[in-house]
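Visitor: There's a structure below that I have some questions on.
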Amino acid sequence: KAGVTQTPRYLIKTRGQQVTLSCSPISGHRSVSWYQQTPGQGLQFLFEYFSETQRNKGNFPGRFSGRQFSNSRSEMNVSTLELGDSALYLCASSPSPGEETQYFGPGTRLLVL
Amino acid sequence: AQSVTQPDIHITVSEGASLELRCNYSYGATPYLFWYVQSPGQGLQLLLKYFSGDTLVQGIKGFEAEFKRSQSSFNLRKPSVHWSDAAEYFCAVVDYKLSFGAGTTVTVRA
């Protein structure tokens, strides 16, 4: 089975712009979670989607949003980018939500200038 | 709230020597615990997981971990380290989301 794929792998944006990141889960996995990784804050949970519904959300401002499509693919959007949004954004998929093993993609490296 | 602590930020080990990475968890019920590894610029790869049952779990790449409820620990071990094991290692606990430790960076010297 193919693993979790994320596009693009690298992205450079300027402050104030918005960005959309994409994630395709492992075939058959219906739950997708997003995490932000920074040197200062480590790995932090952004949100989780299952059956096109956001089930849980981490402690991030409303500028961070996401959605899931009927084929389980997910996108996350960050509006009005700030320098502090520079991070590695990781997507993880699992067969269903809850206490399941999550498998990660390679991440999207976002640099905000 | 559930959490994990990795007391060691950085460990240096000689190639061929044994490795042990510490992880302590805080969780009210029986925790579901994971170890992930991250090479520079890469995503997280699952090494092993503990859900229940045998407290010694085997993973990929020759790693194993032991769950000790009395010590609230889930330490990762490898008997003989290879240069390719140089990476950052994360312990995590899950309920609806993964909560990660701060990570331990492993350097392997020749």
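Please note that chains go A, B, ... in the order of the structure tokens, that every chain numbers its residues from 1, and that ligands are numbered from 1 in the order shown.
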Could you write out as a list in words the residues of chain A within 9 Å of chain B, counting only C-alpha atoms?

Guide: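 Selected residues: Ser33, Gln41, Gly42, Leu43, Gln44, Phe45, Phe47, Glu48, Asn56, Leu88, Leu90, Cys91, Pro97, Gly98, Glu99, Glu100, Thr101, Gln102, Tyr103, Phe104, Gly105, Pro106, Gly107 and Arg109 of chain A.
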
Visitor: Hey, what's within 6 Å of Tyr89 (chain A) if we count only C-alpha atoms and toss same-chain stuff fewer than 2 positions away? As a count of residues only, please?

Guide: 4

Visitor: Could you write out, as a PyMOL selection string, all the residues of chain B that DSSP marks as strand (DSSP E or B)?

Guide: chain B and resi 3-5+10-14+19-21+24-26+32-38+44-50+56-58+64-68+73-78+87-94+98-100+104-109

Visitor: Which one is closest to Pro61 (chain A): A:Glu82, A:Pro25, A:Arg73, A:Gly40? Count only C-alpha atoms.

Guide: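 Selected residue with least distance to Pro61 (chain A): A:Glu82.
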
Visitor: Just want the 8 Å neighbourhood of Leu47 (chain B), counted on only C-alpha atoms, with same-chain residues fewer than 4 positions away dropped. Output as a VMD selection string.

Guide: chain B and resid 34 to 37 59 to 61 63

Visitor: Calculated over only C-alpha atoms, which of the candidates A:His29, A:Gly62, A:Ile12, A:Gln18 has the smallest distance to Leu111 (chain A)?

Guide: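 For Leu111 (chain A), the nearest of the candidates is A:Ile12.
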